[in-house]
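Taking it in order: structure first as C-alpha coordinates, then the write-up.
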Amino acid sequence: CLSMVEVHKVSGAAFDGNVYLVLDEKPILVDAGMMAGPTLKNIKKLIDPAKIELIVLTHCHHDHSGAAPALKEATGARLMLSEKEVGCIGDELASVAYLFGQQAPEYKVDETLKEGMVLDIGKWKLEVMETPGHSTGSLCLYERTEKVLFSGDTVFPDGNIGRTDMFGGSTDELVRSIQRLTELDVKVMYPGHMDITSRDVNRQIQMSLRFAKSI
(Lines give C-alpha, C1' and ligand atoms only; values in the text may rest on other atoms or scores of the structure.)
Protein backbone atom coordinates (compact mmCIF):
# COMPACT_ATOMS: atom_id res chain seq x y z
CA CYS A 1 0.00 0.00 0.00
CA LEU A 2 1.67 3.21 -1.17
CA SER A 3 -0.09 5.49 1.30
CA MET A 4 1.85 3.92 4.14
CA VAL A 5 5.21 5.27 5.25
CA GLU A 6 7.55 2.29 5.53
CA VAL A 7 10.26 2.03 8.17
CA HIS A 8 12.99 -0.57 7.73
CA LYS A 9 15.71 -1.44 10.21
CA VAL A 10 18.79 -1.45 7.97
CA SER A 11 21.72 -1.81 10.40
CA GLY A 12 23.50 -5.10 9.92
CA ALA A 13 26.54 -5.16 12.20
CA ALA A 14 26.73 -6.62 15.70
CA PHE A 15 26.78 -3.99 18.51
CA ASP A 16 25.49 -1.30 16.13
CA GLY A 17 22.75 0.96 17.28
CA ASN A 18 19.60 0.48 15.21
CA VAL A 19 19.59 2.39 11.92
CA TYR A 20 16.16 3.08 10.44
CA LEU A 21 15.39 3.90 6.83
CA VAL A 22 12.13 5.87 6.69
CA LEU A 23 10.60 5.73 3.21
CA ASP A 24 8.46 8.85 2.94
CA GLU A 25 8.47 11.47 0.15
CA LYS A 26 11.90 12.47 1.47
CA PRO A 27 13.65 9.25 2.51
CA ILE A 28 15.70 9.67 5.69
CA LEU A 29 17.93 7.64 7.97
CA VAL A 30 17.48 7.83 11.72
CA ASP A 31 20.94 7.16 13.18
CA ALA A 32 23.97 5.81 11.34
CA GLY A 33 25.40 2.96 13.39
CA MET A 34 29.14 2.18 13.39
CA MET A 35 29.57 0.10 10.26
CA ALA A 36 28.55 1.64 6.93
CA GLY A 37 29.12 -1.50 4.82
CA PRO A 38 26.36 -3.81 6.10
CA THR A 39 23.95 -0.88 6.43
CA LEU A 40 24.49 0.26 2.83
CA LYS A 41 24.01 -3.31 1.61
CA ASN A 42 20.62 -3.40 3.36
CA ILE A 43 19.64 0.06 2.05
CA LYS A 44 20.45 -0.98 -1.53
CA LYS A 45 17.91 -3.82 -1.29
CA LEU A 46 15.25 -1.14 -0.76
CA ILE A 47 16.31 2.06 -2.53
CA ASP A 48 19.23 3.79 -4.21
CA PRO A 49 21.21 5.29 -1.28
CA ALA A 50 21.53 8.55 -3.25
CA LYS A 51 17.78 9.12 -2.71
CA ILE A 52 18.27 9.54 1.05
CA GLU A 53 17.96 13.24 1.88
CA LEU A 54 18.66 13.41 5.62
CA ILE A 55 20.61 11.49 8.25
CA VAL A 56 19.20 12.40 11.66
CA LEU A 57 21.34 11.34 14.64
CA THR A 58 19.52 10.80 17.94
CA HIS A 59 22.81 11.42 19.76
CA CYS A 60 26.55 11.47 19.18
CA HIS A 61 27.51 8.11 20.70
CA HIS A 62 29.77 6.06 18.45
CA ASP A 63 27.39 3.10 18.02
CA HIS A 64 24.89 5.57 16.49
CA SER A 65 27.22 7.98 14.68
CA GLY A 66 30.48 6.21 13.80
CA ALA A 67 29.35 5.44 10.24
CA ALA A 68 27.88 8.94 9.72
CA PRO A 69 30.78 10.25 7.57
CA ALA A 70 30.76 7.19 5.29
CA LEU A 71 26.96 7.15 4.97
CA LYS A 72 26.91 10.90 4.31
CA GLU A 73 29.44 10.38 1.53
CA ALA A 74 27.57 7.42 0.04
CA THR A 75 24.16 9.14 0.08
CA GLY A 76 24.92 12.85 -0.27
CA ALA A 77 22.38 13.35 2.54
CA ARG A 78 22.40 16.30 4.93
CA LEU A 79 23.48 15.36 8.43
CA MET A 80 21.64 16.59 11.53
CA LEU A 81 22.56 16.39 15.22
CA SER A 82 21.51 18.20 18.41
CA GLU A 83 23.06 21.64 18.75
CA LYS A 84 24.14 20.50 22.25
CA GLU A 85 26.35 17.72 20.83
CA VAL A 86 28.19 19.28 17.91
CA GLY A 87 31.13 19.70 20.30
CA CYS A 88 31.23 15.92 20.90
CA ILE A 89 32.20 15.12 17.30
CA GLY A 90 35.67 13.59 17.09
CA ASP A 91 35.91 13.42 20.90
CA GLU A 92 36.75 9.85 22.09
CA LEU A 93 35.26 10.45 25.53
CA ALA A 94 32.05 12.31 24.65
CA SER A 95 31.32 9.95 21.75
CA VAL A 96 32.27 6.93 23.92
CA ALA A 97 34.22 5.61 20.88
CA TYR A 98 36.79 4.26 23.37
CA LEU A 99 34.20 1.73 24.63
CA PHE A 100 34.23 0.15 21.18
CA GLY A 101 38.01 0.34 20.83
CA GLN A 102 37.57 2.77 17.96
CA GLN A 103 38.52 6.30 17.00
CA ALA A 104 35.82 8.94 16.89
CA PRO A 105 35.59 10.18 13.30
CA GLU A 106 35.38 13.84 12.36
CA TYR A 107 32.36 14.93 10.34
CA LYS A 108 30.43 18.09 9.54
CA VAL A 109 26.85 18.65 10.63
CA ASP A 110 24.72 20.46 8.03
CA GLU A 111 22.03 21.56 10.47
CA THR A 112 21.65 21.40 14.23
CA LEU A 113 18.48 20.17 15.86
CA LYS A 114 16.66 21.65 18.81
CA GLU A 115 13.44 21.26 20.79
CA GLY A 116 10.30 22.05 18.82
CA MET A 117 11.74 21.73 15.31
CA VAL A 118 9.63 19.72 12.89
CA LEU A 119 11.18 17.63 10.11
CA ASP A 120 8.62 17.57 7.31
CA ILE A 121 9.49 14.50 5.24
CA GLY A 122 6.16 14.19 3.38
CA LYS A 123 3.29 12.37 5.05
CA TRP A 124 5.17 12.36 8.32
CA LYS A 125 6.07 15.43 10.35
CA LEU A 126 8.71 14.40 12.88
CA GLU A 127 8.75 16.58 15.99
CA VAL A 128 12.16 16.98 17.60
CA MET A 129 12.12 16.49 21.38
CA GLU A 130 15.21 17.11 23.50
CA THR A 131 15.43 14.17 25.91
CA PRO A 132 18.73 14.47 27.80
CA GLY A 133 19.80 11.86 30.33
CA HIS A 134 21.58 9.16 28.35
CA SER A 135 23.67 11.95 26.84
CA THR A 136 23.56 15.76 26.92
CA GLY A 137 21.91 16.17 23.54
CA SER A 138 19.87 12.99 23.17
CA LEU A 139 16.79 13.46 20.99
CA CYS A 140 13.56 11.63 20.27
CA LEU A 141 11.46 12.08 17.13
CA TYR A 142 7.65 11.88 17.40
CA GLU A 143 5.09 11.61 14.62
CA ARG A 144 1.84 12.80 16.17
CA THR A 145 -0.65 11.60 13.56
CA GLU A 146 0.64 8.05 13.31
CA LYS A 147 1.75 8.00 16.98
CA VAL A 148 5.25 6.82 16.10
CA LEU A 149 8.26 7.42 18.37
CA PHE A 150 11.94 7.07 17.50
CA SER A 151 13.23 6.84 21.05
CA GLY A 152 17.01 6.71 20.51
CA ASP A 153 18.69 5.49 23.69
CA THR A 154 16.22 7.24 26.01
CA VAL A 155 13.82 4.30 26.39
CA PHE A 156 13.84 0.75 25.10
CA PRO A 157 11.12 -1.94 25.06
CA ASP A 158 9.89 -3.72 28.18
CA GLY A 159 10.71 -0.92 30.60
CA ASN A 160 14.40 -0.65 29.74
CA ILE A 161 16.26 2.67 29.70
CA GLY A 162 19.48 4.18 28.39
CA ARG A 163 22.57 4.10 30.58
CA THR A 164 23.38 7.29 32.46
CA ASP A 165 26.88 6.39 33.69
CA MET A 166 28.74 7.75 30.65
CA PHE A 167 29.96 11.22 29.69
CA GLY A 168 27.08 13.74 29.81
CA GLY A 169 24.68 11.25 31.39
CA SER A 170 22.28 12.13 34.22
CA THR A 171 19.65 9.92 35.84
CA ASP A 172 17.66 12.95 37.05
CA GLU A 173 17.50 14.33 33.52
CA LEU A 174 16.58 10.91 32.14
CA VAL A 175 13.65 10.68 34.56
CA ARG A 176 12.41 14.10 33.40
CA SER A 177 12.82 13.12 29.75
CA ILE A 178 10.93 9.83 30.15
CA GLN A 179 8.22 11.68 32.07
CA ARG A 180 7.69 13.77 28.93
CA LEU A 181 7.48 10.63 26.79
CA THR A 182 4.74 9.22 29.05
CA GLU A 183 2.62 12.24 28.06
CA LEU A 184 2.65 11.15 24.39
CA ASP A 185 0.38 8.56 22.84
CA VAL A 186 2.71 6.01 21.24
CA LYS A 187 1.52 3.14 19.08
CA VAL A 188 4.89 2.09 17.62
CA MET A 189 8.33 2.63 19.13
CA TYR A 190 11.55 2.43 17.13
CA PRO A 191 14.27 2.23 19.80
CA GLY A 192 18.03 2.78 19.41
CA HIS A 193 18.67 -0.83 20.47
CA MET A 194 16.49 -3.94 20.90
CA ASP A 195 13.41 -4.63 18.80
CA ILE A 196 10.74 -2.43 17.29
CA THR A 197 7.57 -2.74 19.40
CA SER A 198 3.88 -1.96 18.97
CA ARG A 199 2.68 -3.87 22.02
CA ASP A 200 0.96 -1.52 24.48
CA VAL A 201 3.85 0.94 24.11
CA ASN A 202 2.47 3.55 26.51
CA ARG A 203 2.57 0.98 29.29
CA GLN A 204 6.14 0.01 28.37
CA ILE A 205 7.21 3.68 28.64
CA GLN A 206 5.47 3.90 32.05
CA MET A 207 7.56 0.87 33.10
CA SER A 208 10.70 2.65 31.91
CA LEU A 209 9.77 5.67 34.01
CA ARG A 210 9.29 3.53 37.11
CA PHE A 211 12.64 1.84 36.49
CA ALA A 212 14.47 5.16 35.97
CA LYS A 213 12.96 6.54 39.20
CA SER A 214 14.09 3.47 41.14
CA ILE A 215 17.79 4.01 40.30
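Note on naming: chains are A, B, ... as they come in the C-alpha coordinates, residues start from 1 per chain, ligands start from 1 in the order shown.
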
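For region 39-53 of chain A, the set of protein, DNA and RNA residues having any atom at most 7 Å away, when counting only C-alpha atoms and skipping those fewer than 2 positions along the same chain, is A:Val10, A:Ser11, A:Gly12, A:Lys26, A:Pro27, A:Ile28, A:Met35, A:Ala36, A:Gly37, A:Ala74, A:Thr75, A:Gly76, A:Ala77, A:Arg78.
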
Subject >> Filtered DSSP result for region 104-194 of chain A, state strand (DSSP E), as a list in words >> reply: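 Taking region 104-194 of chain A and keeping strand (DSSP E) gives Glu111, Thr112, Leu113, Val118, Leu119, Asp120, Lys125, Leu126, Glu127, Val128, Met129, Glu130, Leu139, Cys140, Leu141, Tyr142, Glu143, Val148, Leu149, Phe150, Ser151, Gly152, Val188, Met189, Tyr190 and Pro191 of chain A.
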
Original post:
Between A:Thr182, A:Gln204, A:Ser198, A:Thr58, which is the closest to His134 (chain A) once you count only C-alpha atoms?
Top reply: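 Of all the options, A:Thr58 lies closest to His134 (chain A).
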
Original post:
Quick one: of A:Gly159, A:Gly101, A:Gly168, A:Gly152, who's nearest to Leu57 (chain A), counting only C-alpha atoms?
Top reply: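 Checking each of A:Gly159, A:Gly101, A:Gly168, A:Gly152 against Leu57 (chain A), counting only C-alpha atoms, the winner is A:Gly152.
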
Subject >> Which of region 40-130 of chain A fall in helix (DSSP H, G or I), as a PyMOL selection string >> reply: chain A and resi 40-44+49-51+62-65+68-75+83-88+97-100

**OP:** For Ile215 (chain A), list every protein, DNA or RNA residue within 12 Å, evaluated using only C-alpha atoms, and leave out those in the same chain fewer than 6 positions away; present the list as number ranges by chain.
**Re:** A: 161, 163-165, 170-172, 174-175, 208-209

Take the selection from the previous step and output its residues with all heavy atoms, as a CSV table (one decimal), in the first residue's frame.
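New file part.csv:
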```
chain,number,residue,atom,x,y,z
A,161,ILE,N,15.9,1.3,29.9
A,161,ILE,CA,16.3,2.7,29.7
A,161,ILE,C,17.7,2.8,29.3
A,161,ILE,O,18.5,1.8,29.5
A,161,ILE,CB,16.1,3.5,31.0
A,161,ILE,CG1,16.9,2.9,32.1
A,161,ILE,CG2,14.6,3.5,31.4
A,161,ILE,CD1,16.9,3.7,33.4
A,163,ARG,N,21.6,3.9,29.5
A,163,ARG,CA,22.6,4.1,30.6
A,163,ARG,C,22.8,5.6,30.9
A,163,ARG,O,22.8,6.4,29.9
A,163,ARG,CB,23.9,3.5,30.2
A,163,ARG,CG,23.9,2.0,30.0
A,163,ARG,CD,25.2,1.5,29.4
A,163,ARG,NE,26.4,2.0,30.2
A,163,ARG,CZ,27.6,1.6,29.9
A,163,ARG,NH1,27.9,0.8,28.9
A,163,ARG,NH2,28.7,2.0,30.7
A,164,THR,N,23.1,5.9,32.1
A,164,THR,CA,23.4,7.3,32.5
A,164,THR,C,24.8,7.4,33.1
A,164,THR,O,25.1,8.5,33.6
A,164,THR,CB,22.3,7.8,33.5
A,164,THR,OG1,22.3,7.0,34.6
A,164,THR,CG2,20.9,7.8,32.8
A,165,ASP,N,25.6,6.4,33.0
A,165,ASP,CA,26.9,6.4,33.7
A,165,ASP,C,28.0,6.8,32.8
A,165,ASP,O,29.2,6.6,33.1
A,165,ASP,CB,27.1,5.0,34.3
A,165,ASP,CG,27.2,3.9,33.3
A,165,ASP,OD1,26.7,4.1,32.2
A,165,ASP,OD2,27.6,2.8,33.6
A,170,SER,N,22.9,11.7,33.0
A,170,SER,CA,22.3,12.1,34.2
A,170,SER,C,21.0,11.4,34.4
A,170,SER,O,20.0,11.5,33.6
A,170,SER,CB,22.0,13.6,34.2
A,170,SER,OG,21.0,14.0,35.1
A,171,THR,N,20.9,10.7,35.6
A,171,THR,CA,19.7,9.9,35.8
A,171,THR,C,18.5,10.9,36.1
A,171,THR,O,17.4,10.6,35.6
A,171,THR,CB,19.9,9.0,37.1
A,171,THR,OG1,21.0,8.2,36.8
A,171,THR,CG2,18.7,8.1,37.2
A,172,ASP,N,18.7,12.0,36.8
A,172,ASP,CA,17.7,13.0,37.0
A,172,ASP,C,17.1,13.5,35.7
A,172,ASP,O,15.9,13.6,35.6
A,172,ASP,CB,18.2,14.1,37.9
A,172,ASP,CG,18.5,13.7,39.3
A,172,ASP,OD1,18.0,12.6,39.7
A,172,ASP,OD2,19.1,14.5,40.1
A,174,LEU,N,17.2,12.0,32.8
A,174,LEU,CA,16.6,10.9,32.1
A,174,LEU,C,15.2,10.7,32.7
A,174,LEU,O,14.2,10.6,31.9
A,174,LEU,CB,17.4,9.6,32.3
A,174,LEU,CG,16.9,8.5,31.4
A,174,LEU,CD1,17.2,8.7,29.9
A,174,LEU,CD2,17.5,7.1,31.8
A,175,VAL,N,15.0,10.8,34.0
A,175,VAL,CA,13.6,10.7,34.6
A,175,VAL,C,12.7,11.8,34.0
A,175,VAL,O,11.6,11.5,33.6
A,175,VAL,CB,13.7,10.8,36.1
A,175,VAL,CG1,12.3,10.9,36.7
A,175,VAL,CG2,14.4,9.5,36.7
A,208,SER,N,9.4,2.0,32.0
A,208,SER,CA,10.7,2.6,31.9
A,208,SER,C,10.8,3.8,32.9
A,208,SER,O,11.9,3.9,33.6
A,208,SER,CB,11.0,3.2,30.5
A,208,SER,OG,11.1,2.2,29.6
A,209,LEU,N,9.8,4.6,33.1
A,209,LEU,CA,9.8,5.7,34.0
A,209,LEU,C,9.9,5.1,35.4
A,209,LEU,O,10.8,5.7,36.2
A,209,LEU,CB,8.5,6.5,33.9
A,209,LEU,CG,8.4,7.7,34.8
A,209,LEU,CD1,9.5,8.7,34.6
A,209,LEU,CD2,7.0,8.4,34.7
```

**OP:** Go through A:Gly162, A:Pro132, A:Pro191, A:Gly90 and flag the residue nearest Leu149 (chain A), using only C-alpha atoms for the distances.
**Re:**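 Closest to Leu149 (chain A), using only C-alpha atoms: A:Pro191.
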
Original post:
Leaving out Asn160 (chain A) and any residue of its chain fewer than 6 positions from it, which residues lie within 10 Å of it when counting only C-alpha atoms, given as an MDAnalysis selection string?
Top reply: chainID A and resid 153:154 194 204:205 207:212

Take the residues from that selection and write them out as a PDB file, in the first residue's frame, keeping N, CA, C and O atoms.
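So part-v1.pdb came out as:
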```pdb
ATOM      1  N   ASP A 153      18.297   6.280  22.526  1.00  0.00           N
ATOM      2  CA  ASP A 153      18.687   5.486  23.692  1.00  0.00           C
ATOM      3  C   ASP A 153      18.053   6.027  24.969  1.00  0.00           C
ATOM      4  O   ASP A 153      18.574   5.836  26.065  1.00  0.00           O
ATOM      5  N   THR A 154      16.906   6.721  24.827  1.00  0.00           N
ATOM      6  CA  THR A 154      16.219   7.242  26.015  1.00  0.00           C
ATOM      7  C   THR A 154      15.406   6.128  26.666  1.00  0.00           C
ATOM      8  O   THR A 154      15.567   5.848  27.857  1.00  0.00           O
ATOM      9  N   MET A 194      17.603  -2.995  20.685  1.00  0.00           N
ATOM     10  CA  MET A 194      16.492  -3.944  20.901  1.00  0.00           C
ATOM     11  C   MET A 194      15.495  -3.876  19.734  1.00  0.00           C
ATOM     12  O   MET A 194      15.801  -3.286  18.694  1.00  0.00           O
ATOM     13  N   GLN A 204       4.698   0.296  28.313  1.00  0.00           N
ATOM     14  CA  GLN A 204       6.140   0.013  28.365  1.00  0.00           C
ATOM     15  C   GLN A 204       6.919   1.268  28.787  1.00  0.00           C
ATOM     16  O   GLN A 204       7.878   1.174  29.556  1.00  0.00           O
ATOM     17  N   ILE A 205       6.507   2.426  28.283  1.00  0.00           N
ATOM     18  CA  ILE A 205       7.206   3.676  28.640  1.00  0.00           C
ATOM     19  C   ILE A 205       6.964   4.010  30.121  1.00  0.00           C
ATOM     20  O   ILE A 205       7.868   4.471  30.816  1.00  0.00           O
ATOM     21  N   MET A 207       6.636   1.794  32.415  1.00  0.00           N
ATOM     22  CA  MET A 207       7.556   0.875  33.103  1.00  0.00           C
ATOM     23  C   MET A 207       8.973   1.447  33.112  1.00  0.00           C
ATOM     24  O   MET A 207       9.683   1.361  34.115  1.00  0.00           O
ATOM     25  N   SER A 208       9.373   2.033  31.991  1.00  0.00           N
ATOM     26  CA  SER A 208      10.705   2.645  31.908  1.00  0.00           C
ATOM     27  C   SER A 208      10.824   3.785  32.923  1.00  0.00           C
ATOM     28  O   SER A 208      11.865   3.948  33.562  1.00  0.00           O
ATOM     29  N   LEU A 209       9.755   4.559  33.057  1.00  0.00           N
ATOM     30  CA  LEU A 209       9.773   5.674  34.010  1.00  0.00           C
ATOM     31  C   LEU A 209       9.938   5.145  35.438  1.00  0.00           C
ATOM     32  O   LEU A 209      10.763   5.656  36.205  1.00  0.00           O
ATOM     33  N   ARG A 210       9.174   4.112  35.758  1.00  0.00           N
ATOM     34  CA  ARG A 210       9.295   3.531  37.112  1.00  0.00           C
ATOM     35  C   ARG A 210      10.709   3.027  37.364  1.00  0.00           C
ATOM     36  O   ARG A 210      11.277   3.221  38.443  1.00  0.00           O
ATOM     37  N   PHE A 211      11.269   2.374  36.359  1.00  0.00           N
ATOM     38  CA  PHE A 211      12.636   1.837  36.485  1.00  0.00           C
ATOM     39  C   PHE A 211      13.639   2.975  36.683  1.00  0.00           C
ATOM     40  O   PHE A 211      14.509   2.924  37.576  1.00  0.00           O
ATOM     41  N   ALA A 212      13.529   4.030  35.871  1.00  0.00           N
ATOM     42  CA  ALA A 212      14.465   5.159  35.972  1.00  0.00           C
ATOM     43  C   ALA A 212      14.372   5.820  37.347  1.00  0.00           C
ATOM     44  O   ALA A 212      15.401   6.204  37.940  1.00  0.00           O
TER      45      ALA A 212
END
```

Subject >> Among the residues A:Ala97, A:Ala32, A:Ile178, A:Ala13, the one that comes closest to Ala68 (chain A) [using only C-alpha atoms] >> reply: A:Ala32

Subject >> Nearest to Glu92 (chain A) by atom-to-atom distance, counting only C-alpha atoms, from A:Val148, A:Ala104, A:Val201, A:Ile121 >> reply: A:Ala104

Original post:
What is the CA of Gly169 (chain A)-CA of Glu143 (chain A) distance in Å, reported with one decimal?
Top reply: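 Rounded to one decimal, the two atoms are 25.8 Å apart.
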
**OP:** Fewer than 2 positions away in the same chain doesn't count, so skip those; otherwise give me all residues within 9 Å of His59 (chain A), counting only C-alpha atoms, as a list of chain:residue names.
**Re:** A:Asp31, A:Val56, A:Leu57, A:His61, A:His62, A:His64, A:Ser65, A:Leu81, A:Ser82, A:Glu85, A:Ser95, A:His134, A:Ser135, A:Thr136, A:Gly137, A:Ser138, A:Leu139, A:Gly152, A:Asp153

Next, dump the selected residues to file, keeping only N, CA, C and O atoms, as a PDB file, in the first residue's frame.
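In the end it all went to part-v5.pdb:
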```
ATOM      1  N   ASP A  31      19.688   7.725  12.678  1.00  0.00           N
ATOM      2  CA  ASP A  31      20.942   7.162  13.176  1.00  0.00           C
ATOM      3  C   ASP A  31      21.756   6.502  12.056  1.00  0.00           C
ATOM      4  O   ASP A  31      21.257   6.265  10.953  1.00  0.00           O
ATOM      5  N   VAL A  56      19.513  11.749  10.386  1.00  0.00           N
ATOM      6  CA  VAL A  56      19.202  12.405  11.662  1.00  0.00           C
ATOM      7  C   VAL A  56      19.779  11.547  12.789  1.00  0.00           C
ATOM      8  O   VAL A  56      19.378  10.394  12.968  1.00  0.00           O
ATOM      9  N   LEU A  57      20.733  12.098  13.535  1.00  0.00           N
ATOM     10  CA  LEU A  57      21.340  11.344  14.641  1.00  0.00           C
ATOM     11  C   LEU A  57      20.586  11.645  15.935  1.00  0.00           C
ATOM     12  O   LEU A  57      20.374  12.803  16.277  1.00  0.00           O
ATOM     13  N   HIS A  61      26.742   9.295  20.303  1.00  0.00           N
ATOM     14  CA  HIS A  61      27.507   8.107  20.698  1.00  0.00           C
ATOM     15  C   HIS A  61      27.926   7.287  19.475  1.00  0.00           C
ATOM     16  O   HIS A  61      27.188   7.176  18.489  1.00  0.00           O
ATOM     17  N   HIS A  62      29.105   6.687  19.591  1.00  0.00           N
ATOM     18  CA  HIS A  62      29.769   6.060  18.449  1.00  0.00           C
ATOM     19  C   HIS A  62      28.933   4.957  17.798  1.00  0.00           C
ATOM     20  O   HIS A  62      28.962   4.792  16.575  1.00  0.00           O
ATOM     21  N   HIS A  64      25.959   4.938  17.268  1.00  0.00           N
ATOM     22  CA  HIS A  64      24.887   5.567  16.486  1.00  0.00           C
ATOM     23  C   HIS A  64      25.435   6.505  15.409  1.00  0.00           C
ATOM     24  O   HIS A  64      24.704   6.877  14.485  1.00  0.00           O
ATOM     25  N   SER A  65      26.695   6.926  15.565  1.00  0.00           N
ATOM     26  CA  SER A  65      27.219   7.979  14.682  1.00  0.00           C
ATOM     27  C   SER A  65      28.518   7.627  13.963  1.00  0.00           C
ATOM     28  O   SER A  65      28.933   8.360  13.071  1.00  0.00           O
ATOM     29  N   LEU A  81      22.245  16.821  13.860  1.00  0.00           N
ATOM     30  CA  LEU A  81      22.559  16.387  15.224  1.00  0.00           C
ATOM     31  C   LEU A  81      22.153  17.520  16.166  1.00  0.00           C
ATOM     32  O   LEU A  81      22.133  18.683  15.762  1.00  0.00           O
ATOM     33  N   SER A  82      21.866  17.173  17.411  1.00  0.00           N
ATOM     34  CA  SER A  82      21.514  18.198  18.407  1.00  0.00           C
ATOM     35  C   SER A  82      22.580  19.284  18.480  1.00  0.00           C
ATOM     36  O   SER A  82      23.781  18.999  18.479  1.00  0.00           O
ATOM     37  N   GLU A  85      25.343  18.776  20.955  1.00  0.00           N
ATOM     38  CA  GLU A  85      26.349  17.719  20.832  1.00  0.00           C
ATOM     39  C   GLU A  85      27.332  17.920  19.687  1.00  0.00           C
ATOM     40  O   GLU A  85      28.179  17.053  19.467  1.00  0.00           O
ATOM     41  N   SER A  95      31.986  10.844  22.713  1.00  0.00           N
ATOM     42  CA  SER A  95      31.317   9.954  21.753  1.00  0.00           C
ATOM     43  C   SER A  95      31.379   8.492  22.220  1.00  0.00           C
ATOM     44  O   SER A  95      30.877   7.610  21.538  1.00  0.00           O
ATOM     45  N   HIS A 134      20.593  10.146  28.833  1.00  0.00           N
ATOM     46  CA  HIS A 134      21.578   9.159  28.350  1.00  0.00           C
ATOM     47  C   HIS A 134      22.816   9.914  27.868  1.00  0.00           C
ATOM     48  O   HIS A 134      23.941   9.472  28.063  1.00  0.00           O
ATOM     49  N   SER A 135      22.596  11.038  27.233  1.00  0.00           N
ATOM     50  CA  SER A 135      23.674  11.947  26.838  1.00  0.00           C
ATOM     51  C   SER A 135      23.100  13.362  26.861  1.00  0.00           C
ATOM     52  O   SER A 135      21.887  13.542  26.938  1.00  0.00           O
ATOM     53  N   THR A 136      23.974  14.354  26.776  1.00  0.00           N
ATOM     54  CA  THR A 136      23.557  15.762  26.917  1.00  0.00           C
ATOM     55  C   THR A 136      22.540  16.174  25.863  1.00  0.00           C
ATOM     56  O   THR A 136      21.602  16.912  26.141  1.00  0.00           O
ATOM     57  N   GLY A 137      22.754  15.710  24.641  1.00  0.00           N
ATOM     58  CA  GLY A 137      21.912  16.172  23.538  1.00  0.00           C
ATOM     59  C   GLY A 137      21.066  15.077  22.925  1.00  0.00           C
ATOM     60  O   GLY A 137      20.710  15.156  21.743  1.00  0.00           O
ATOM     61  N   SER A 138      20.717  14.065  23.702  1.00  0.00           N
ATOM     62  CA  SER A 138      19.871  12.988  23.169  1.00  0.00           C
ATOM     63  C   SER A 138      18.526  13.545  22.696  1.00  0.00           C
ATOM     64  O   SER A 138      17.944  14.421  23.350  1.00  0.00           O
ATOM     65  N   LEU A 139      18.056  13.019  21.572  1.00  0.00           N
ATOM     66  CA  LEU A 139      16.791  13.465  20.988  1.00  0.00           C
ATOM     67  C   LEU A 139      15.863  12.283  20.758  1.00  0.00           C
ATOM     68  O   LEU A 139      16.313  11.162  20.529  1.00  0.00           O
ATOM     69  N   GLY A 152      15.568   6.668  20.283  1.00  0.00           N
ATOM     70  CA  GLY A 152      17.011   6.713  20.510  1.00  0.00           C
ATOM     71  C   GLY A 152      17.399   5.796  21.651  1.00  0.00           C
ATOM     72  O   GLY A 152      16.876   4.683  21.776  1.00  0.00           O
ATOM     73  N   ASP A 153      18.297   6.280  22.526  1.00  0.00           N
ATOM     74  CA  ASP A 153      18.687   5.486  23.692  1.00  0.00           C
ATOM     75  C   ASP A 153      18.053   6.027  24.969  1.00  0.00           C
ATOM     76  O   ASP A 153      18.574   5.836  26.065  1.00  0.00           O
TER      77      ASP A 153
END
```

**OP:** Rank A:Met80, A:Lys72, A:Lys125, A:Gln102 by their smallest atom-to-atom distance to Val22 (chain A), using only C-alpha atoms, and report the top residue only.
**Re:**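 Of A:Met80, A:Lys72, A:Lys125, A:Gln102, the one nearest Val22 (chain A), counting only C-alpha atoms, is A:Lys125.
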
**OP:** Would you mind reading off the distance between CA of Leu21 (chain A) and CA of Gln206 (chain A), one decimal, in Å?
**Re:** 27.1 Å
